[in-house]
Number of protein chains: 2
Amino acid sequence: MSEPLHERIRADFEKRILSGALAPADRLPTEQELMRHYGCSRMTVSRALSTLAAAGLIDRRKKAGTFVARPRVHSMVLDVPDLAAQIRARGQAHRFRLLHREARPPRADHADEVWVAREGQLLALDGLHLADGDPIAIEHRLIGIDAVPGVVAADLEAVSPGSWLLQHIPWTEAETRISALGCPPADARALGIAAGAPCLCVERRTWRGAEPVTQVRQLFLAHAYDLVARFGPTSSG
Amino acid sequence: MSEPLHERIRADFEKRILSGALAPADRLPTEQELMRHYGCSRMTVSRALSTLAAAGLIDRRKKAGTFVARPRVHSMVLDVPDLAAQIRARGQAHRFRLLHREARPPRADHADEVWVAREGQLLALDGLHLADGDPIAIEHRLIGIDAVPGVVAADLEAVSPGSWLLQHIPWTEAETRISALGCPPADARALGIAAGAPCLCVERRTWRGAEPVTQVRQLFLAHAYDLVARFGPTSSG
DNA sequence: CAGTGGTCTAGACCACTGA
DNA sequence: CAGTGGTCTAGACCACTGA
């Protein structure tokens with residue numbers, strides 16, 4: 001038996017809930033009943049059910065029992081592909097070309113700049129992502145120098161700023177906003193497309209603990225970039 | 001002490017990893033050392049570390065010990081807002097207008113249709129999402145009638161097809177693809193915009209267990225719809 | 001107030017794997 | 001082969017909450 005018992009119990013109930021055999025609001029057996037059914041101790045049963053509860057598949061209420069949860073339809077796991085890797089996977093060469101680089105204090109009337117730099121300095125970067133020499137995305141990035149002092153000396157064309165940060169900031173929290181828009185004229189010129197052409201816009205703020213690290217706005221040519229998200233309790237089990 | 005001890009241990013190490021005090025590849029104390037430090041049993045320590053391992057913050061290797069994991073930069077939690085609720089939150093009225101409805105076998109040369117219906121019948125729906133009477137999105141949907149027999153009799157203007165399915169299919173797995181594109185002419189006419197205007201395109205396939213349920217392609221007017229994703233180990237703890 | 005889940009203990013045996 | 005984590009037991013006390 002390579003599979004632990006708690007995992008078998010968890011998978012049993014996941015399957016019944018996924019298949020609809022157990023519908024939302026249905027009551028599961030009590031821990032006592034499951035102990036008898038699986039011939040194991042209460043800790044083992046409890047561990048299986050705790051995992052399902054953490055995944056949002058069931059709700060546990062004292063005295064009342066354990067119930068199938070209503071599906072949470074609002075959260076998915078989003079794969080954020082590495083742009084450079086995605087380009088290379090298509091057999092193209094990826095390059096990042098820095099268009100502009102400036103270290104300075106934040107402008108008080110720019111909320112993003114104040115958010116990133118607070119009272120310190122920020123690094124403002126504009127650059128192009130190229131696939132086989134053709135621009136496919138433009139990014140505008142702000143980095144807090146106090147949060148990431150090493151960035152000032154980094155060669156950000158050898159490794160793109162996003163990759164450099166990921167390699168040097170050990171863990172991050174981030175918030176991403178995804179939208180579509182017509183390409184503004186200045187970006188369109190840099191990308192070599194018509195102003196107003198459809199672009200996928202990804203805006204992201206990243207923290208290290210409570211400290212802001214970077215804010216970035218990336219515009220991708222339509223069809224150059226897809227975001228893929230998967231959803232389902234299986235992904236958490 | 002309202003907070004369980006295993007949760008305190010988990011939060012301690014999460015904090016140290018997030019703050020950078022513990023860097024990737026750093027070794028954590030052994031379970032024996034943590035038992036002494038927190039004055040608790042091995043199960044309690046193990047539970048805290050198992051939760052961190054499940055969240056991807058640490059790697060545990062037998063004989064070698066427990067180590068801070070390299071950040072997984074590729075997965076985020078994506079909030080999929082309910083379009084109707086989002087419109088109402090802006091103080092507008094949401095309505096779904098059915099443009100076309102047809103029950104028929106799949107066309108053999110349409111991969112999406114064969115995927116949804118297999119050998120059975122499918123329901124093909126086209127409709128508009130309206131905010132205060134103005135179109136803001138168009139959707140093209142295929143539903144497998146064998147998987148969801150009740151849908152044939154449903155009033156899909158009173159409740160939009162997406163909402164109806166969520167209420168009647170107890171749990172789902174889904175795969176979503178997000179991109180930007182210029183609006184095709186036929187969709188543009190229905191939306192009352194110029195052909196080629198930028199749109200956010202969301203394509204989703206949904207399963208119930210192993211059975212395909214629905215395939216939908218939605219085009220949103222730019223600025224009418226944002227997708228927001230959050231990322232971070234806190235979300236899983 | 002009785003039944004349920006939440007937590008925790010002090011052990012045990014085992015599997016894996018690096019020294 | 002010794003140290004580490006993975007699993008499991010058979011209990012215990014407690015907190016919550018619906019009947």
# chains A, B, ... in the order shown; residues from 1 in each chain; ligands from 1

$ closest_atom_pairs --of "chain D" --to "range 9-18 of chain C" --cutoff "12 Å" --atoms "only C-alpha atoms (C1' of nucleotides)" --output "Markdown table"
| residue | atom | partner | partner_atom | distance |
| --- | --- | --- | --- | --- |
| D:DC1 | C1' | C:DG18 | C1' | 10.6 |
| D:DA2 | C1' | C:DG18 | C1' | 9.9 |
| D:DG3 | C1' | C:DG18 | C1' | 9.2 |
| D:DT4 | C1' | C:DC16 | C1' | 8.7 |
| D:DG5 | C1' | C:DC16 | C1' | 8.6 |
| D:DG6 | C1' | C:DA15 | C1' | 7.9 |
| D:DT7 | C1' | C:DC14 | C1' | 8.2 |
| D:DC8 | C1' | C:DA12 | C1' | 8.3 |
| D:DT9 | C1' | C:DA12 | C1' | 8.0 |
| D:DA10 | C1' | C:DG11 | C1' | 10.0 |
| D:DG11 | C1' | C:DT9 | C1' | 8.8 |
| D:DA12 | C1' | C:DT9 | C1' | 8.0 |
| D:DC13 | C1' | C:DT9 | C1' | 10.8 |

$ write_last_selection --atoms "C-alpha atoms (C1' of nucleotides)" --output "mmCIF file, in the first residue's frame"
data_model
loop_
_atom_site.group_PDB
_atom_site.id
_atom_site.type_symbol
_atom_site.label_atom_id
_atom_site.label_comp_id
_atom_site.auth_asym_id
_atom_site.auth_seq_id
_atom_site.Cartn_x
_atom_site.Cartn_y
_atom_site.Cartn_z
ATOM 1 C "C1'" DC D 1 23.221 2.723 9.039
ATOM 2 C "C1'" DA D 2 21.610 6.482 11.342
ATOM 3 C "C1'" DG D 3 18.853 10.517 11.029
ATOM 4 C "C1'" DT D 4 15.000 12.444 9.150
ATOM 5 C "C1'" DG D 5 10.296 12.824 7.839
ATOM 6 C "C1'" DG D 6 5.474 10.071 6.968
ATOM 7 C "C1'" DT D 7 2.003 7.826 8.995
ATOM 8 C "C1'" DC D 8 -0.789 5.984 12.445
ATOM 9 C "C1'" DT D 9 -2.715 4.726 17.149
ATOM 10 C "C1'" DA D 10 -5.541 5.059 21.318
ATOM 11 C "C1'" DG D 11 -6.378 7.803 24.086
ATOM 12 C "C1'" DA D 12 -7.523 12.777 26.337
ATOM 13 C "C1'" DC D 13 -9.699 17.328 27.238
#

$ closest_atom_pairs --of "chain B" --to "chain C" --cutoff "9 Å" --atoms "only C-alpha atoms (C1' of nucleotides)" --output "CSV"
residue,atom,partner,partner_atom,distance
B:Pro4,CA,C:DT7,C1',7.2
B:Leu5,CA,C:DT7,C1',8.6
B:His6,CA,C:DT7,C1',8.9
B:Cys40,CA,C:DT9,C1',8.2
B:Ser41,CA,C:DT9,C1',6.2
B:Arg42,CA,C:DT9,C1',8.9
B:Met43,CA,C:DC8,C1',8.1
B:Thr44,CA,C:DC8,C1',7.2
B:Arg61,CA,C:DT17,C1',8.5
B:Lys62,CA,C:DC16,C1',5.9
B:Lys63,CA,C:DT17,C1',5.9
B:Ala64,CA,C:DG18,C1',6.7

$ residues_around --residues "Leu125 in chain A" --least-positions-apart "2" --cutoff "9 Å" --atoms "only C-alpha atoms (C1' of nucleotides)" --output "number ranges by chain"
A: 98-103, 123, 127, 139-143, 161

$ write_last_selection --atoms "all heavy atoms" --output "mmCIF file, in the first residue's frame"
data_model
loop_
_atom_site.group_PDB
_atom_site.id
_atom_site.type_symbol
_atom_site.label_atom_id
_atom_site.label_comp_id
_atom_site.auth_asym_id
_atom_site.auth_seq_id
_atom_site.Cartn_x
_atom_site.Cartn_y
_atom_site.Cartn_z
ATOM 1 N N LEU A 98 16.099 47.579 -23.215
ATOM 2 C CA LEU A 98 15.769 48.680 -22.306
ATOM 3 C C LEU A 98 15.648 49.971 -23.116
ATOM 4 O O LEU A 98 16.579 50.360 -23.830
ATOM 5 C CB LEU A 98 16.889 48.792 -21.264
ATOM 6 C CG LEU A 98 16.582 49.408 -19.903
ATOM 7 C CD1 LEU A 98 15.367 48.765 -19.265
ATOM 8 C CD2 LEU A 98 17.803 49.261 -19.007
ATOM 9 N N LEU A 99 14.507 50.622 -23.014
ATOM 10 C CA LEU A 99 14.297 51.866 -23.745
ATOM 11 C C LEU A 99 14.661 53.078 -22.901
ATOM 12 O O LEU A 99 15.121 54.099 -23.422
ATOM 13 C CB LEU A 99 12.831 51.991 -24.175
ATOM 14 C CG LEU A 99 12.288 50.889 -25.080
ATOM 15 C CD1 LEU A 99 10.805 51.115 -25.333
ATOM 16 C CD2 LEU A 99 13.067 50.860 -26.401
ATOM 17 N N HIS A 100 14.419 52.941 -21.589
ATOM 18 C CA HIS A 100 14.617 54.096 -20.719
ATOM 19 C C HIS A 100 14.870 53.596 -19.306
ATOM 20 O O HIS A 100 14.275 52.622 -18.872
ATOM 21 C CB HIS A 100 13.369 54.992 -20.743
ATOM 22 C CG HIS A 100 13.522 56.248 -19.954
ATOM 23 N ND1 HIS A 100 14.263 57.323 -20.415
ATOM 24 C CD2 HIS A 100 13.054 56.608 -18.732
ATOM 25 C CE1 HIS A 100 14.216 58.292 -19.509
ATOM 26 N NE2 HIS A 100 13.497 57.885 -18.476
ATOM 27 N N ARG A 101 15.765 54.305 -18.614
ATOM 28 C CA ARG A 101 16.145 53.887 -17.269
ATOM 29 C C ARG A 101 16.464 55.133 -16.473
ATOM 30 O O ARG A 101 17.300 55.944 -16.888
ATOM 31 C CB ARG A 101 17.362 52.967 -17.340
ATOM 32 C CG ARG A 101 17.825 52.425 -16.000
ATOM 33 C CD ARG A 101 19.122 51.651 -16.189
ATOM 34 N NE ARG A 101 19.537 51.003 -14.962
ATOM 35 C CZ ARG A 101 20.077 51.631 -13.927
ATOM 36 N NH1 ARG A 101 20.257 52.926 -13.975
ATOM 37 N NH2 ARG A 101 20.436 50.957 -12.843
ATOM 38 N N GLU A 102 15.841 55.284 -15.331
ATOM 39 C CA GLU A 102 15.999 56.521 -14.575
ATOM 40 C C GLU A 102 15.823 56.236 -13.097
ATOM 41 O O GLU A 102 14.851 55.603 -12.699
ATOM 42 C CB GLU A 102 14.932 57.516 -15.050
ATOM 43 C CG GLU A 102 15.079 58.910 -14.521
ATOM 44 C CD GLU A 102 13.942 59.812 -15.049
ATOM 45 O OE1 GLU A 102 13.018 59.276 -15.709
ATOM 46 O OE2 GLU A 102 13.977 61.012 -14.775
ATOM 47 N N ALA A 103 16.762 56.685 -12.284
ATOM 48 C CA ALA A 103 16.631 56.609 -10.826
ATOM 49 C C ALA A 103 16.331 57.997 -10.302
ATOM 50 O O ALA A 103 17.066 58.950 -10.599
ATOM 51 C CB ALA A 103 17.908 56.063 -10.202
ATOM 52 N N LEU A 123 13.412 53.277 -9.224
ATOM 53 C CA LEU A 123 13.998 53.043 -10.540
ATOM 54 C C LEU A 123 12.835 52.893 -11.516
ATOM 55 O O LEU A 123 11.979 52.025 -11.331
ATOM 56 C CB LEU A 123 14.865 51.784 -10.516
ATOM 57 C CG LEU A 123 15.757 51.527 -11.730
ATOM 58 C CD1 LEU A 123 16.837 52.588 -11.845
ATOM 59 C CD2 LEU A 123 16.410 50.141 -11.617
ATOM 60 N N GLY A 127 10.781 49.127 -21.290
ATOM 61 C CA GLY A 127 11.510 48.201 -22.155
ATOM 62 C C GLY A 127 10.601 47.374 -23.028
ATOM 63 O O GLY A 127 9.381 47.326 -22.813
ATOM 64 N N GLU A 139 6.832 47.001 -21.537
ATOM 65 C CA GLU A 139 6.543 47.094 -20.106
ATOM 66 C C GLU A 139 7.061 48.380 -19.512
ATOM 67 O O GLU A 139 8.119 48.895 -19.901
ATOM 68 C CB GLU A 139 7.060 45.873 -19.341
ATOM 69 C CG GLU A 139 8.543 45.818 -19.062
ATOM 70 C CD GLU A 139 8.903 44.654 -18.119
ATOM 71 O OE1 GLU A 139 8.508 43.508 -18.404
ATOM 72 O OE2 GLU A 139 9.573 44.896 -17.107
ATOM 73 N N HIS A 140 6.292 48.914 -18.569
ATOM 74 C CA HIS A 140 6.658 50.091 -17.792
ATOM 75 C C HIS A 140 6.721 49.647 -16.340
ATOM 76 O O HIS A 140 5.722 49.174 -15.800
ATOM 77 C CB HIS A 140 5.609 51.188 -17.962
ATOM 78 C CG HIS A 140 5.345 51.547 -19.392
ATOM 79 N ND1 HIS A 140 6.235 52.288 -20.140
ATOM 80 C CD2 HIS A 140 4.323 51.242 -20.225
ATOM 81 C CE1 HIS A 140 5.749 52.446 -21.367
ATOM 82 N NE2 HIS A 140 4.590 51.806 -21.452
ATOM 83 N N ARG A 141 7.902 49.789 -15.748
ATOM 84 C CA ARG A 141 8.086 49.215 -14.414
ATOM 85 C C ARG A 141 8.674 50.245 -13.456
ATOM 86 O O ARG A 141 9.527 51.046 -13.836
ATOM 87 C CB ARG A 141 9.011 47.996 -14.502
ATOM 88 C CG ARG A 141 9.183 47.248 -13.184
ATOM 89 C CD ARG A 141 10.142 46.091 -13.334
ATOM 90 N NE ARG A 141 9.627 45.014 -14.151
ATOM 91 C CZ ARG A 141 8.895 44.000 -13.682
ATOM 92 N NH1 ARG A 141 8.572 43.951 -12.408
ATOM 93 N NH2 ARG A 141 8.498 43.054 -14.501
ATOM 94 N N LEU A 142 8.196 50.184 -12.227
ATOM 95 C CA LEU A 142 8.759 50.988 -11.141
ATOM 96 C C LEU A 142 9.271 50.031 -10.072
ATOM 97 O O LEU A 142 8.577 49.077 -9.710
ATOM 98 C CB LEU A 142 7.674 51.890 -10.531
ATOM 99 C CG LEU A 142 6.948 52.834 -11.488
ATOM 100 C CD1 LEU A 142 5.746 53.474 -10.794
ATOM 101 C CD2 LEU A 142 7.904 53.898 -12.006
ATOM 102 N N ILE A 143 10.481 50.285 -9.585
ATOM 103 C CA ILE A 143 11.062 49.431 -8.554
ATOM 104 C C ILE A 143 11.503 50.316 -7.391
ATOM 105 O O ILE A 143 12.136 51.353 -7.601
ATOM 106 C CB ILE A 143 12.282 48.646 -9.095
ATOM 107 C CG1 ILE A 143 11.879 47.782 -10.293
ATOM 108 C CG2 ILE A 143 12.905 47.778 -7.999
ATOM 109 C CD1 ILE A 143 13.048 47.108 -11.002
ATOM 110 N N PRO A 161 14.037 42.649 -16.317
ATOM 111 C CA PRO A 161 13.808 43.087 -14.929
ATOM 112 C C PRO A 161 12.910 42.120 -14.155
ATOM 113 O O PRO A 161 13.153 41.846 -12.985
ATOM 114 C CB PRO A 161 13.139 44.457 -15.101
ATOM 115 C CG PRO A 161 13.574 44.937 -16.435
ATOM 116 C CD PRO A 161 13.749 43.717 -17.286
#

$ atom_distance --atom1 "CA of Val213 in chain A" --atom2 "CA of Arg189 in chain A"
28.8 Å

$ residues_around --residues "range 89-97 of chain B" --least-positions-apart "3" --cutoff "7 Å" --atoms "only C-alpha atoms (C1' of nucleotides)" --output "list in words"
Ala84, Ala85, Gln86, Gly127, Leu128, His129, Leu130, Ala131, Asp132, Glu157 and Ser160 of chain B

$ atom_distance --atom1 "CA of Val151 in chain B" --atom2 "CA of Ala69 in chain A"
23.0 Å

$ closest_residue --among "A:Glu7, A:Ile178, A:Val152, A:Ala25" --to "Leu57 in chain A" --atoms "only C-alpha atoms"
A:Ala25

$ select_by_dssp --residues "range 31-219 of chain B" --states "helix (DSSP H, G or I)" --output "JSON, numbers by chain"
{"B": [31, 32, 33, 34, 35, 36, 37, 38, 42, 43, 44, 45, 46, 47, 48, 49, 50, 51, 52, 53, 54, 83, 84, 85, 86, 87, 88, 89, 111, 112, 113, 114, 115, 116, 117, 149, 150, 151, 152, 153, 161, 162, 163, 164, 165, 166, 167, 168, 185, 186, 187, 188, 189, 190, 191]}

$ select_by_dssp --residues "range 6-178 of chain A" --states "strand (DSSP E or B)" --output "JSON, numbers by chain"
{"A": [27, 58, 59, 60, 61, 65, 66, 67, 68, 75, 76, 77, 78, 79, 94, 95, 96, 97, 98, 99, 100, 101, 102, 103, 104, 122, 123, 124, 125, 126, 127, 128, 129, 130, 131, 134, 135, 136, 137, 138, 139, 140, 141, 142, 143, 144, 173, 174, 175, 176, 177, 178]}

$ atom_distance --atom1 "CA of Thr176 in chain B" --atom2 "CA of Pro71 in chain A"
17.2 Å

$ residues_around --residues "Asp146 in chain A" --least-positions-apart "3" --cutoff "9 Å" --atoms "only C-alpha atoms (C1' of nucleotides)" --output "VMD selection string"
chain A and resid 117 120 to 122 143 149 213

$ residues_around --residues "Ala23 in chain A" --least-positions-apart "2" --cutoff "10 Å" --atoms "only C-alpha atoms (C1' of nucleotides)" --output "PyMOL selection string"
(chain A and resi 16-21+25-27+67-70) or (chain B and resi 169-171)
